[in-house]
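Asker: Below is model_2.txt; it holds compact mmCIF, C-alpha atoms.
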# COMPACT_ATOMS: atom_id res chain seq x y z
CA MET X 1 13.74 -48.40 -1.23
CA HIS X 2 15.69 -48.43 2.01
CA HIS X 3 18.40 -46.30 0.36
CA PHE X 4 15.89 -43.39 0.41
CA LEU X 5 15.89 -43.57 4.22
CA THR X 6 19.53 -42.67 4.69
CA ARG X 7 20.49 -39.53 6.58
CA ARG X 8 21.23 -37.71 3.32
CA TRP X 9 17.85 -38.56 1.82
CA MET X 10 15.95 -37.82 5.01
CA THR X 11 17.51 -34.35 4.92
CA ILE X 12 16.39 -33.93 1.30
CA HIS X 13 12.84 -35.09 2.14
CA LEU X 14 12.57 -32.75 5.10
CA LEU X 15 14.09 -29.75 3.32
CA THR X 16 11.76 -30.18 0.33
CA LEU X 17 8.73 -30.48 2.62
CA VAL X 18 9.66 -27.34 4.53
CA ILE X 19 10.25 -25.30 1.36
CA VAL X 20 6.98 -26.42 -0.26
CA VAL X 21 4.89 -25.84 2.89
CA VAL X 22 6.38 -22.40 3.53
CA CYS X 23 5.82 -21.35 -0.09
CA LEU X 24 2.21 -22.55 0.00
CA LEU X 25 1.58 -20.70 3.26
CA LEU X 26 3.00 -17.50 1.77
CA ALA X 27 0.92 -18.01 -1.37
CA ASN X 28 -2.19 -18.37 0.79
CA TRP X 29 -1.26 -15.20 2.69
CA GLN X 30 -0.98 -13.28 -0.59
CA PHE X 31 -4.32 -14.71 -1.72
CA ARG X 32 -6.02 -13.48 1.45
CA ARG X 33 -4.42 -10.05 1.04
CA LEU X 34 -5.67 -9.94 -2.56
CA GLN X 35 -9.21 -10.72 -1.42
CA ASP X 36 -9.00 -8.02 1.26
CA ARG X 37 -7.78 -5.51 -1.32
CA LYS X 38 -10.64 -6.40 -3.67
CA ALA X 39 -13.14 -5.92 -0.85
CA ASP X 40 -11.59 -2.54 0.05
CA ASN X 41 -11.70 -1.44 -3.59
CA ALA X 42 -15.35 -2.40 -3.87
CA ARG X 43 -16.17 -0.39 -0.74
CA VAL X 44 -14.21 2.64 -1.99
CA ALA X 45 -15.98 2.51 -5.36
CA ALA X 46 -19.38 2.29 -3.68
CA GLN X 47 -18.63 5.15 -1.28
CA SER X 48 -17.29 7.47 -3.98
CA GLN X 49 -20.45 7.00 -6.08
CA LEU X 50 -22.74 8.28 -3.32
CA PRO X 51 -24.20 11.80 -3.68
CA THR X 52 -22.19 14.78 -2.44
CA VAL X 53 -23.27 15.93 1.03
CA GLU X 54 -22.22 18.61 3.50
CA LEU X 55 -19.30 17.65 5.71
CA ASP X 56 -21.07 18.32 8.99
CA ARG X 57 -23.77 15.79 8.07
CA LEU X 58 -21.08 13.09 8.14
CA LEU X 59 -18.53 14.41 10.66
CA ARG X 60 -20.07 16.90 13.04
CA SER X 61 -16.82 17.35 14.96
CA ALA X 62 -13.24 16.18 15.23
CA GLU X 63 -14.44 13.75 17.92
CA ALA X 64 -16.39 11.64 15.43
CA SER X 65 -16.83 7.98 16.27
CA SER X 66 -15.02 5.26 14.35
CA GLU X 67 -18.36 4.28 12.75
CA GLN X 68 -18.86 7.83 11.47
CA VAL X 69 -15.31 7.96 10.15
CA GLU X 70 -15.79 4.64 8.34
CA ALA X 71 -19.04 5.82 6.78
CA ALA X 72 -17.53 9.16 5.70
CA SER X 73 -14.33 7.78 4.15
CA TYR X 74 -14.16 8.23 0.35
CA ARG X 75 -17.33 10.34 0.33
CA SER X 76 -17.69 13.45 -1.77
CA VAL X 77 -18.51 16.43 0.48
CA THR X 78 -18.83 20.19 0.53
CA VAL X 79 -17.58 22.37 3.36
CA ARG X 80 -17.36 26.09 4.11
CA GLY X 81 -14.65 27.78 6.12
CA VAL X 82 -11.56 29.96 6.14
CA TYR X 83 -8.07 28.81 5.21
CA ASP X 84 -5.40 29.17 7.90
CA VAL X 85 -2.28 29.72 5.78
CA ASP X 86 -0.09 30.15 8.85
CA GLN X 87 -0.54 26.43 9.61
CA GLN X 88 0.04 25.25 6.05
CA VAL X 89 2.19 22.12 5.64
CA VAL X 90 4.30 21.26 2.61
CA LEU X 91 4.07 17.59 1.72
CA GLN X 92 7.38 16.93 0.02
CA SER X 93 8.45 14.56 -2.76
CA ARG X 94 5.16 14.22 -4.61
CA GLY X 95 5.61 13.99 -8.37
CA TYR X 96 2.83 14.76 -10.84
CA LYS X 97 2.77 14.32 -14.62
CA LYS X 98 6.40 13.11 -14.47
CA ARG X 99 7.51 16.33 -12.77
CA PRO X 100 8.91 16.58 -9.22
CA GLY X 101 7.03 18.71 -6.76
CA ASN X 102 5.15 19.02 -3.49
CA HIS X 103 1.58 19.12 -2.24
CA LEU X 104 0.19 21.94 -0.10
CA LEU X 105 -1.83 20.89 2.94
CA THR X 106 -3.80 23.79 4.36
CA PRO X 107 -6.25 23.62 7.29
CA LEU X 108 -9.73 24.95 6.61
CA VAL X 109 -11.25 26.26 9.85
CA THR X 110 -15.00 25.64 9.91
CA PRO X 111 -17.62 27.72 11.78
CA SER X 112 -17.57 25.14 14.61
CA GLY X 113 -13.91 25.96 15.36
CA ASP X 114 -12.62 22.59 14.19
CA ALA X 115 -10.58 22.27 11.01
CA VAL X 116 -10.32 19.87 8.11
CA LEU X 117 -6.94 19.47 6.46
CA VAL X 118 -7.20 20.19 2.73
CA ASP X 119 -4.80 18.80 0.16
CA ARG X 120 -5.07 21.79 -2.17
CA GLY X 121 -2.93 20.24 -4.88
CA TRP X 122 0.51 20.11 -6.46
CA VAL X 123 3.16 22.77 -6.98
CA PRO X 124 6.41 22.23 -8.95
CA LEU X 125 9.69 21.73 -7.17
CA GLU X 126 11.47 24.27 -9.33
CA GLY X 127 10.51 27.15 -11.57
CA GLU X 128 7.45 29.36 -11.50
CA GLY X 129 5.15 28.52 -8.62
CA ALA X 130 7.76 26.60 -6.60
CA ASP X 131 7.35 29.04 -3.71
CA PRO X 132 4.24 28.04 -1.71
CA GLN X 133 3.49 31.74 -1.21
CA ALA X 134 2.90 31.98 -4.97
CA ALA X 135 0.04 29.50 -4.59
CA ALA X 136 -1.69 31.17 -1.65
CA PRO X 137 -5.40 30.35 -1.23
CA PRO X 138 -8.12 33.00 -1.37
CA SER X 139 -8.80 34.92 1.82
CA GLY X 140 -12.18 34.97 3.49
CA THR X 141 -14.85 32.29 3.44
CA VAL X 142 -14.57 29.66 0.72
CA THR X 143 -16.74 26.70 -0.27
CA LEU X 144 -14.91 23.49 -1.16
CA THR X 145 -15.89 20.25 -2.80
CA GLY X 146 -13.66 17.22 -2.50
CA LEU X 147 -13.17 13.65 -1.43
CA LEU X 148 -12.68 12.66 2.22
CA LEU X 149 -9.69 10.36 2.67
CA PRO X 150 -8.14 8.62 5.70
CA SER X 151 -4.55 9.05 6.82
CA GLU X 152 -2.14 7.43 4.42
CA ARG X 153 -0.95 4.04 5.51
CA LYS X 154 2.39 3.66 7.19
CA GLY X 155 5.15 2.06 5.14
CA LEU X 156 7.20 -0.90 6.24
CA LEU X 157 10.05 1.32 7.41
CA GLY X 158 7.76 3.78 9.15
CA VAL X 159 8.21 7.54 9.34
CA SER X 160 9.41 9.94 11.96
CA ASP X 161 7.26 12.69 13.42
CA PRO X 162 7.00 15.46 10.81
CA PRO X 163 8.88 18.65 11.67
CA PRO X 164 6.63 21.73 11.88
CA GLY X 165 5.76 23.11 8.48
CA ARG X 166 6.69 20.12 6.34
CA VAL X 167 6.40 16.37 5.94
CA THR X 168 9.63 14.64 5.04
CA ALA X 169 10.30 11.56 2.92
CA PRO X 170 8.86 9.03 2.91
CA PRO X 171 5.96 11.47 2.59
CA ARG X 172 2.80 10.45 4.37
CA ILE X 173 -0.30 12.35 5.46
CA ALA X 174 -0.64 11.29 9.09
CA LEU X 175 -3.45 13.35 10.60
CA GLU X 176 -2.86 12.13 14.15
CA ARG X 177 0.68 13.52 14.00
CA LEU X 178 -0.09 16.70 12.10
CA GLU X 179 -2.80 17.56 14.63
CA ASP X 180 -0.12 17.86 17.31
CA GLN X 181 1.24 20.98 15.62
CA MET X 182 -2.17 22.60 15.03
CA PRO X 183 -3.85 25.03 17.45
CA TYR X 184 -7.27 23.38 16.92
CA PRO X 185 -8.68 19.87 16.50
CA LEU X 186 -8.44 18.29 13.06
CA HIS X 187 -11.15 16.15 11.56
CA PRO X 188 -10.05 12.47 11.35
CA LEU X 189 -10.24 12.56 7.53
CA TYR X 190 -8.59 14.99 5.15
CA LEU X 191 -10.08 16.53 2.00
CA ARG X 192 -8.58 16.01 -1.47
CA LEU X 193 -9.71 19.24 -3.17
CA GLU X 194 -11.69 18.99 -6.40
CA ASP X 195 -13.40 22.39 -6.65
CA GLN X 196 -13.18 25.69 -4.77
CA GLN X 197 -15.30 28.87 -4.79
CA PRO X 198 -13.90 31.45 -5.08
CA GLY X 199 -10.92 29.99 -6.93
CA ASN X 200 -7.22 30.76 -6.63
CA ALA X 201 -5.79 33.87 -8.23
CA GLY X 202 -3.40 31.75 -10.30
CA SER X 203 -3.30 28.24 -11.75
CA LEU X 204 -1.45 26.74 -8.78
CA PRO X 205 -1.68 24.59 -6.84
CA GLU X 206 -2.97 22.13 -9.42
CA PRO X 207 -5.63 19.78 -8.03
CA VAL X 208 -4.55 16.15 -8.25
CA PRO X 209 -7.22 13.49 -8.84
CA VAL X 210 -7.33 10.49 -6.54
CA PRO X 211 -5.62 7.58 -8.32
CA PRO X 212 -7.96 4.71 -9.21
CA PRO X 213 -7.83 1.77 -6.81
CA ASP X 214 -5.70 -1.17 -7.83
CA GLU X 215 -5.18 -4.67 -6.52
CA GLY X 216 -1.49 -4.20 -5.84
CA PRO X 217 1.16 -6.84 -6.53
CA HIS X 218 -0.53 -9.59 -4.51
CA PHE X 219 -1.56 -11.73 -7.50
CA GLU X 220 1.98 -11.64 -8.90
CA TYR X 221 3.39 -12.58 -5.49
CA LEU X 222 0.85 -15.40 -5.24
CA LEU X 223 2.05 -16.84 -8.55
CA GLN X 224 5.66 -16.35 -7.50
CA TRP X 225 5.28 -18.42 -4.32
CA LEU X 226 3.39 -21.15 -6.18
CA LEU X 227 6.19 -21.23 -8.76
CA PHE X 228 8.80 -21.56 -6.01
CA ALA X 229 6.85 -24.46 -4.47
CA ALA X 230 6.51 -26.20 -7.84
CA THR X 231 10.19 -25.68 -8.63
CA ALA X 232 11.27 -27.21 -5.32
CA PHE X 233 9.01 -30.21 -5.90
CA VAL X 234 10.25 -30.73 -9.48
CA ILE X 235 13.86 -30.60 -8.29
CA TYR X 236 12.99 -33.16 -5.60
CA LEU X 237 11.44 -35.51 -8.16
CA GLY X 238 14.46 -35.02 -10.39
CA LEU X 239 16.81 -36.08 -7.61
CA ILE X 240 14.74 -39.21 -6.94
CA ARG X 241 14.66 -40.08 -10.64
CA ARG X 242 18.41 -39.62 -10.97
CA GLU X 243 19.02 -41.83 -7.92
CA LEU X 244 16.76 -44.57 -9.28
CA SER X 245 18.46 -44.42 -12.67
CA ARG X 246 21.89 -44.63 -11.08
CA ARG X 247 20.95 -47.67 -9.00
CA ARG X 248 19.21 -49.37 -11.94
CA ALA X 249 22.30 -48.90 -14.08
CA GLY X 250 24.47 -50.35 -11.33
CA ALA X 251 22.25 -53.42 -11.00
CA GLU X 252 22.34 -54.10 -14.76
CA GLU X 253 26.13 -54.07 -15.07
CA PRO X 254 27.40 -57.70 -15.72
CA ASP X 255 29.80 -59.21 -13.21
CA GLU X 256 33.40 -59.43 -14.37
CA PRO X 257 34.49 -63.08 -15.12
CA GLU X 258 36.83 -64.63 -12.64
CA PRO X 259 40.36 -65.17 -13.95
CA VAL X 260 41.14 -68.77 -15.00
CA ALA X 261 44.11 -70.35 -13.26
CA ALA X 262 46.97 -71.33 -15.58
Would you mind writing the structure in this file as structure tokens?
Answerer:
Amino acid sequence: MHHFLTRRWMTIHLLTLVIVVVCLLLANWQFRRLQDRKADNARVAAQSQLPTVELDRLLRSAEASSEQVEAASYRSVTVRGVYDVDQQVVLQSRGYKKRPGNHLLTPLVTPSGDAVLVDRGWVPLEGEGADPQAAAPPSGTVTLTGLLLPSERKGLLGVSDPPPGRVTAPPRIALERLEDQMPYPLHPLYLRLEDQQPGNAGSLPEPVPVPPPDEGPHFEYLLQWLLFAATAFVIYLGLIRRELSRRRAGAEEPDEPEPVAA
């Protein structure tokens, strides 16, 4: 088998080993991410099933500790306050029911002087209700019920600081950045509105339910990397088999008879 120790074959051995190891490492990384996502989903499901409580029992101020924020995330709460329409933000490029549109993010100023950012719902991009002024909230004190959510995660390409009054694509609710343009502290979680008393004068904005948690594409990526590793190994075995067959055929060929002298 010394012919499998040539420079060419050593390169094939090493390249196959590197490809298989890298694919297995990436498969393991996707497996760990899948397990983390499952754990997060279980925590979200458990939190969302807890009884509805008043916001100030979970987050007494915008200076809440990280432990309080963790415990309050994905909880159903009620809160009273007054909408500050002057500080409303339009979250752009949010489709709903296969229609393009935007979300309206309006701070609700609580009696303590802090504010919680409220995702009041969806308005269409065009047609009736496209103007945010047509979906103005009620004036005076309102009582809201909704789900507390953390800032949306940053994408791979990141986002720039949102210009005042709007959030550009890729749209992301980043409370730490939006707070910079507010005249008061924002709570570290925002509220996805589910119910409001008194209600809006019209049917807009339309409240949008929180999408159910999913496990993402990690399982598919895990299978993909395992398939790549298996494919590389099968190709490697195929090359070895072809080399053995070629050498076996060469060894079995009969020697040509020597010519007989006249």
Asker: Determine the nearest neighbour of Leu149 in chain X from the options X:Ser73, X:Asn41, X:Ser93, X:Gln224, counting all atoms listed in the file.
Answerer: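 Of all the options, X:Ser73 lies closest to Leu149 in chain X.
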Asker: Could you tell me how far CA of Leu144 in chain X lies from CA of Glu67 in chain X, in Å and to one decimal?
Answerer: 24.0 Å
Asker: If I take CA of Gln47 in chain X and CA of Glu179 in chain X, how far is one from the other in Å, to one decimal?
Answerer: 25.6 Å
Asker: Mind checking which residues fall within 12 Å of range 8-17 of chain X, counting all atoms listed in the file, ignoring those fewer than 4 positions away in the same chain, and posting them as a list in words?
Answerer: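 What passes the distance filter is Met1, His2, His3, Phe4, Val21, Val22, Cys23, Leu24, Phe228, Ala229, Ala230, Thr231, Ala232, Phe233, Val234, Ile235, Tyr236, Leu237, Gly238, Leu239, Ile240 and Glu243 of chain X.
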Asker: Please produce a file of the residues just selected, as a short mmCIF file (atom, residue, chain, number, x, y, z; two decimals), keeping the file's coordinate frame, where the atoms kept are C-alpha atoms.
Answerer:
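result-v8.cif was written with the following content:
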data_model
loop_
_atom_site.label_atom_id
_atom_site.label_comp_id
_atom_site.auth_asym_id
_atom_site.auth_seq_id
_atom_site.Cartn_x
_atom_site.Cartn_y
_atom_site.Cartn_z
CA MET X 1 13.74 -48.40 -1.23
CA HIS X 2 15.69 -48.43 2.01
CA HIS X 3 18.40 -46.30 0.36
CA PHE X 4 15.89 -43.39 0.41
CA VAL X 21 4.89 -25.84 2.89
CA VAL X 22 6.38 -22.40 3.53
CA CYS X 23 5.82 -21.35 -0.09
CA LEU X 24 2.21 -22.55 0.00
CA PHE X 228 8.80 -21.56 -6.01
CA ALA X 229 6.85 -24.46 -4.47
CA ALA X 230 6.51 -26.20 -7.84
CA THR X 231 10.19 -25.68 -8.63
CA ALA X 232 11.27 -27.21 -5.32
CA PHE X 233 9.01 -30.21 -5.90
CA VAL X 234 10.25 -30.73 -9.48
CA ILE X 235 13.86 -30.60 -8.29
CA TYR X 236 12.99 -33.16 -5.60
CA LEU X 237 11.44 -35.51 -8.16
CA GLY X 238 14.46 -35.02 -10.39
CA LEU X 239 16.81 -36.08 -7.61
CA ILE X 240 14.74 -39.21 -6.94
CA GLU X 243 19.02 -41.83 -7.92
#
Asker: From the options X:Asp84, X:Asp36, X:Glu215, X:Asp56, which residue's atoms come nearest to Leu108 in chain X, counting only C-alpha atoms?
Answerer: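 Answer, going by the shortest atom-to-atom distance: X:Asp84.
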Asker: Rank nothing, just name the residue among X:Leu175, X:Val82, X:Val69, X:Ile19 nearest to Val109 in chain X, using all atoms listed in the file.
Answerer: X:Val82
Asker: Taking only C-alpha atoms into account, which of X:Pro183, X:Leu91, X:Ser139, X:Pro188 comes nearest Leu58 in chain X?
Answerer: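 Of all the options, X:Pro188 lies closest to Leu58 in chain X.
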Asker: So that I can see what lies close to Thr141 in chain X, please list as number ranges by chain the residues with an atom at most 9 Å from it, counting only C-alpha atoms and leaving out residues fewer than 2 positions away in the same chain.
Answerer: X: 80-83, 138-139, 143, 197-198
Asker: For Val77 in chain X, which of X:His218, X:Arg32, X:Arg192, X:Arg241 is the closest residue, counting only C-alpha atoms?
Answerer: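 When distances to Val77 in chain X are compared using only C-alpha atoms, the smallest one comes from X:Arg192.
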Asker: Take CA of Arg153 in chain X and CA of Asp119 in chain X and report the distance between them in Å, one decimal.
Answerer: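 Answer for the CA of Arg153 in chain X to CA of Asp119 in chain X separation: 16.2 Å.
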Asker: Show me, as an MDAnalysis selection string, the residues that have an atom within 10 Å of range 207-212 of chain X when counting all atoms listed in the file, minus same-chain residues fewer than 5 positions from it.
Answerer: chainID X and resid 41 44:45 74 96:97 103 119:123 146:147 149 192:195
Asker: Give me the residues within 12 Å of Lys98 in chain X as a list in words, counting all atoms listed in the file and dropping any in the same chain fewer than 4 places off.
Answerer: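 With the cut-off at 12 Å, the set is Ser93, Arg94, Pro124 and Leu125 of chain X.
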Asker: Measuring atom to atom with only C-alpha atoms, identify which of X:Ala27, X:Gly140, X:Ala174, X:Val79 is nearest to Thr52 in chain X.
Answerer: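 Of X:Ala27, X:Gly140, X:Ala174, X:Val79, the one nearest Thr52 in chain X is X:Val79, counting only C-alpha atoms.
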